[in-house]
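Trainee: One structure, pasted below without further comment.
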Amino acid sequence: MMLLMLVLGLLQCVAALEHRGAPLRVPRAGAVPTLRGDHPVAETGDRPEYSRLSLRGGGIPPPLIPLAVVVGGTSIALKLNQDLRGRVLKLVQDLKSKIPGGKGKQSLRPKLIIPEGYDVRNGTWAYEVNEITPGCLLVASPDTFRFAGPRQVLDQSVILLVRHGKSGSSGFIINRPTQFDVGDVTKKLAAFEQNPLYLGGDIGEGVYMIHGLPGLRNATEVSDGIYYGGSEHAMSLVQDGVAKPEDFRFFFKYAAWAPGQLENEMESGCWCAVRSSLDLVLKPRSYPGLHFAKAHKVFWHQVLQTLGGRFQNVSR
């Protein structure tokens, strides 16, 4: 009974936060500095044709999502908004790992009835949202950018959006590894010369860094748990043994949109906006034996599989 009360108490606290309308931490407007380089101007001339097989539509969850937790035959039903339900899933996953199993104790392990669109293995989860905000992932619809000329780099891409506002939007493709390391393109990041370098987009020429470490000087919080910049402080932490090089991800170039351009592409079905667990964003993934130019396809499919439902059908 004490275990049940613990689980229910923790979940009710999260539900109470949502019920009171407690705001989640979101960056101030314009908090993320504009990345170096010019934004691309809006396309002119004939409007490009987009793939009919769009990821948008039919799968956006309602504002309140039912979630049920059962412990020892007793259940509690909660209704959580889209931003909080992922945190509850992670909380229950942590509780499951801490509750001992064994004969006679299985009935005490919490059973979570999960709505479609989650994969809680290893704490990974993702779900579709209908609002573009910094920190969300933009998942490209199939074939939309396959023949897009200079923008072909966006084909089957998954982009972390780091800035979105009246002046435009920018972000990094997180699933396009290159054959280069950071040291191959710059000698100013000595502590990270062996870090793999990702192709972040088709704009600019600089090297940019994201990470999940709070408190770095000159770093900006993109969204809850994701930060941009602060490379000098990061190098000192690595040199002092406080952080590891693999705690940081590096990108060459970035993706950008002129004011209103991303909204138009969303309406045209080019992108699906997704909220996900931090490991999908911050954890570098390697695919031994696979050519680097094909690795982005594997991660794109993994995200769709995690989303589940109709997204799995698109992936197949």
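Letters A, B, ... mark the chains of the structure tokens in the order given; residue numbers begin at 1 per chain; ligand numbers begin at 1, in order shown.
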Please report, as a tab-separated table, each residue of range 148-197 of chain A lying at most 7 Å from range 250-259 of chain A, together with the nearest pair of atoms and the separation in Å rounded to one decimal; use only C-alpha atoms, and order rows by chain and ascending residue number.
Mentor:
```
residue	atom	partner	partner_atom	distance
A:Lys166	CA	A:Pro259	CA	5.8
A:Ser167	CA	A:Pro259	CA	5.3
A:Gly168	CA	A:Pro259	CA	4.0
A:Ser169	CA	A:Trp257	CA	5.1
A:Ser170	CA	A:Ala256	CA	4.1
A:Gly171	CA	A:Ala255	CA	5.3
A:Phe172	CA	A:Tyr254	CA	5.1
A:Leu197	CA	A:Phe250	CA	5.5
```
Trainee: Any chance you could export the current selection's C-alpha atoms as a JSON list (two decimals), in the first residue's frame?
Mentor:
```
[["chain", "number", "residue", "atom", "x", "y", "z"],
["A", 166, "LYS", "CA", 9.02, 36.63, -36.24],
["A", 167, "SER", "CA", 12.55, 36.94, -37.64],
["A", 168, "GLY", "CA", 12.59, 33.36, -38.91],
["A", 169, "SER", "CA", 13.63, 29.92, -37.73],
["A", 170, "SER", "CA", 16.82, 27.87, -37.52],
["A", 171, "GLY", "CA", 17.97, 24.48, -36.34],
["A", 172, "PHE", "CA", 20.33, 21.54, -36.87],
["A", 197, "LEU", "CA", 30.88, 16.09, -36.99]]
```
Trainee: So that I can check the secondary structure, give me every residue of range 133-265 of chain A assigned strand (DSSP E or B) by backbone DSSP, as a PyMOL selection string.
Mentor: chain A and resi 137-140+158-165+168-173+177-181+196-199+203-211+220-223+226-228+248-257
Trainee: Write the residues you've just listed into a file as a short mmCIF file (atom, residue, chain, number, x, y, z; two decimals), in the first residue's frame, and include N, CA and C atoms for each of them.
Mentor:
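Okay, this is what ended up in selection_36.cif:
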```cif
data_model
loop_
_atom_site.label_atom_id
_atom_site.label_comp_id
_atom_site.auth_asym_id
_atom_site.auth_seq_id
_atom_site.Cartn_x
_atom_site.Cartn_y
_atom_site.Cartn_z
N LEU A 137 11.34 18.60 -32.59
CA LEU A 137 11.97 18.00 -33.75
C LEU A 137 11.07 18.16 -34.96
N LEU A 138 11.66 18.48 -36.08
CA LEU A 138 10.94 18.54 -37.35
C LEU A 138 11.33 17.31 -38.16
N VAL A 139 10.35 16.45 -38.41
CA VAL A 139 10.60 15.21 -39.15
C VAL A 139 10.10 15.41 -40.58
N ALA A 140 10.99 15.27 -41.54
CA ALA A 140 10.64 15.52 -42.94
C ALA A 140 9.71 14.43 -43.46
N VAL A 158 15.82 14.81 -39.73
CA VAL A 158 15.21 15.10 -38.43
C VAL A 158 15.95 16.31 -37.88
N ILE A 159 15.25 17.43 -37.71
CA ILE A 159 15.90 18.70 -37.36
C ILE A 159 15.49 19.13 -35.95
N LEU A 160 16.49 19.47 -35.14
CA LEU A 160 16.23 20.09 -33.85
C LEU A 160 16.05 21.59 -34.08
N LEU A 161 14.88 22.10 -33.77
CA LEU A 161 14.62 23.52 -33.96
C LEU A 161 15.15 24.29 -32.75
N VAL A 162 16.07 25.22 -32.96
CA VAL A 162 16.67 25.96 -31.85
C VAL A 162 16.16 27.40 -31.76
N ARG A 163 15.55 27.89 -32.84
CA ARG A 163 15.03 29.26 -32.82
C ARG A 163 13.82 29.35 -33.73
N HIS A 164 12.78 30.04 -33.25
CA HIS A 164 11.58 30.22 -34.06
C HIS A 164 10.87 31.48 -33.59
N GLY A 165 10.65 32.39 -34.50
CA GLY A 165 10.01 33.65 -34.14
C GLY A 165 9.70 34.47 -35.37
N GLY A 168 12.27 34.59 -38.20
CA GLY A 168 12.59 33.36 -38.91
C GLY A 168 12.89 32.21 -37.97
N SER A 169 13.39 31.14 -38.51
CA SER A 169 13.63 29.92 -37.73
C SER A 169 14.97 29.31 -38.13
N SER A 170 15.56 28.56 -37.22
CA SER A 170 16.82 27.87 -37.52
C SER A 170 16.95 26.64 -36.64
N GLY A 171 17.76 25.71 -37.10
CA GLY A 171 17.97 24.48 -36.34
C GLY A 171 19.08 23.64 -36.96
N PHE A 172 19.26 22.43 -36.43
CA PHE A 172 20.33 21.54 -36.87
C PHE A 172 19.76 20.18 -37.26
N ILE A 173 20.19 19.66 -38.39
CA ILE A 173 19.87 18.28 -38.75
C ILE A 173 20.66 17.37 -37.82
N PRO A 177 25.34 12.26 -40.12
CA PRO A 177 26.78 12.22 -39.82
C PRO A 177 27.60 12.41 -41.08
N THR A 178 28.82 12.91 -40.90
CA THR A 178 29.76 13.04 -42.01
C THR A 178 30.94 12.11 -41.77
N GLN A 179 31.86 12.06 -42.71
CA GLN A 179 33.07 11.27 -42.54
C GLN A 179 34.15 12.04 -41.81
N PHE A 180 33.83 13.24 -41.32
CA PHE A 180 34.82 14.10 -40.68
C PHE A 180 34.62 14.16 -39.17
N ASP A 181 35.70 14.50 -38.46
CA ASP A 181 35.65 14.85 -37.05
C ASP A 181 35.77 16.37 -36.91
N PRO A 196 32.68 13.26 -33.54
CA PRO A 196 32.14 13.20 -34.90
C PRO A 196 31.42 14.49 -35.25
N LEU A 197 31.49 14.85 -36.52
CA LEU A 197 30.88 16.09 -36.99
C LEU A 197 29.66 15.75 -37.85
N TYR A 198 28.56 16.40 -37.55
CA TYR A 198 27.32 16.19 -38.29
C TYR A 198 27.07 17.36 -39.23
N LEU A 199 26.42 17.07 -40.34
CA LEU A 199 26.02 18.12 -41.26
C LEU A 199 24.71 18.72 -40.74
N ILE A 203 23.20 26.06 -44.64
CA ILE A 203 23.45 27.49 -44.46
C ILE A 203 24.69 27.68 -43.61
N GLY A 204 25.51 28.71 -43.93
CA GLY A 204 26.64 29.08 -43.09
C GLY A 204 27.86 28.20 -43.32
N GLU A 205 28.89 28.43 -42.49
CA GLU A 205 30.13 27.67 -42.59
C GLU A 205 30.70 27.30 -41.23
N GLY A 206 30.07 27.72 -40.15
CA GLY A 206 30.65 27.52 -38.83
C GLY A 206 30.36 26.16 -38.23
N VAL A 207 30.97 25.90 -37.06
CA VAL A 207 30.75 24.70 -36.27
C VAL A 207 29.96 25.09 -35.03
N TYR A 208 28.89 24.37 -34.75
CA TYR A 208 27.98 24.72 -33.66
C TYR A 208 27.81 23.52 -32.73
N MET A 209 27.45 23.80 -31.48
CA MET A 209 27.42 22.76 -30.46
C MET A 209 26.10 22.77 -29.70
N ILE A 210 25.54 21.58 -29.44
CA ILE A 210 24.41 21.44 -28.52
C ILE A 210 24.79 20.43 -27.45
N HIS A 211 24.08 20.48 -26.33
CA HIS A 211 24.41 19.59 -25.21
C HIS A 211 23.26 19.61 -24.20
N THR A 220 22.87 28.97 -24.18
CA THR A 220 21.47 29.38 -24.17
C THR A 220 20.59 28.15 -24.09
N GLU A 221 19.60 28.18 -23.24
CA GLU A 221 18.66 27.07 -23.12
C GLU A 221 17.68 27.13 -24.28
N VAL A 222 17.71 26.10 -25.10
CA VAL A 222 16.78 26.02 -26.23
C VAL A 222 15.40 25.61 -25.75
N SER A 223 15.36 24.58 -24.93
CA SER A 223 14.14 24.11 -24.29
C SER A 223 14.57 23.31 -23.07
N ILE A 226 17.88 21.05 -23.09
CA ILE A 226 18.69 21.16 -24.31
C ILE A 226 19.29 22.56 -24.37
N TYR A 227 20.60 22.63 -24.61
CA TYR A 227 21.31 23.90 -24.60
C TYR A 227 22.14 24.06 -25.87
N TYR A 228 22.38 25.32 -26.22
CA TYR A 228 23.12 25.66 -27.43
C TYR A 228 24.28 26.57 -27.07
N PHE A 248 28.76 16.21 -25.79
CA PHE A 248 28.49 17.35 -26.67
C PHE A 248 28.39 16.88 -28.12
N ARG A 249 27.50 17.52 -28.86
CA ARG A 249 27.31 17.19 -30.28
C ARG A 249 27.63 18.42 -31.13
N PHE A 250 28.29 18.17 -32.27
CA PHE A 250 28.76 19.28 -33.10
C PHE A 250 28.21 19.16 -34.52
N PHE A 251 27.93 20.34 -35.08
CA PHE A 251 27.31 20.42 -36.40
C PHE A 251 28.04 21.45 -37.26
N PHE A 252 28.21 21.08 -38.52
CA PHE A 252 28.76 22.01 -39.51
C PHE A 252 27.61 22.55 -40.33
N LYS A 253 27.45 23.86 -40.32
CA LYS A 253 26.33 24.55 -40.96
C LYS A 253 25.04 24.34 -40.17
N TYR A 254 23.96 24.94 -40.66
CA TYR A 254 22.66 24.82 -40.00
C TYR A 254 21.57 24.99 -41.03
N ALA A 255 20.37 24.69 -40.63
CA ALA A 255 19.19 24.87 -41.48
C ALA A 255 18.46 26.13 -41.04
N ALA A 256 17.86 26.85 -41.98
CA ALA A 256 17.20 28.10 -41.63
C ALA A 256 16.02 28.36 -42.56
N TRP A 257 15.09 29.15 -42.05
CA TRP A 257 13.89 29.52 -42.79
C TRP A 257 13.66 31.03 -42.63
#
```
Trainee: Of the candidates A:Val281, A:Ala126, A:Gln156, A:Ala243, which shows the shortest atom-to-atom distance to Ser141 in chain A, using only C-alpha atoms?
Mentor: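 Among the listed residues, A:Gln156 lies closest to Ser141 in chain A.
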Trainee: Have a look at A:Ser276, A:Gln302, A:Thr144, A:Asn130 and name the one nearest to Gly225 in chain A; count only C-alpha atoms.
Mentor: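 Distance minimum relative to Gly225 in chain A lands on A:Ser276.
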Trainee: If you count only C-alpha atoms, which residues fall within 7 Å of Val182 in chain A, apart from same-chain ones fewer than 2 positions away, as a PyMOL selection string?
Mentor: chain A and resi 180+184-186+192-197
Trainee: Between CA of Leu262 in chain A and CA of Ala295 in chain A, what is the distance in Å, rounded to a tenth?
Mentor: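 Rounded to one decimal, the two atoms are 25.0 Å apart.
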Trainee: Find the residue from A:Ser157, A:Thr133, A:Ala219, A:Gln239 that sits nearest to Val303 in chain A; use only C-alpha atoms when measuring.
Mentor: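 Nearest candidate to Val303 in chain A out of A:Ser157, A:Thr133, A:Ala219, A:Gln239: A:Ser157.
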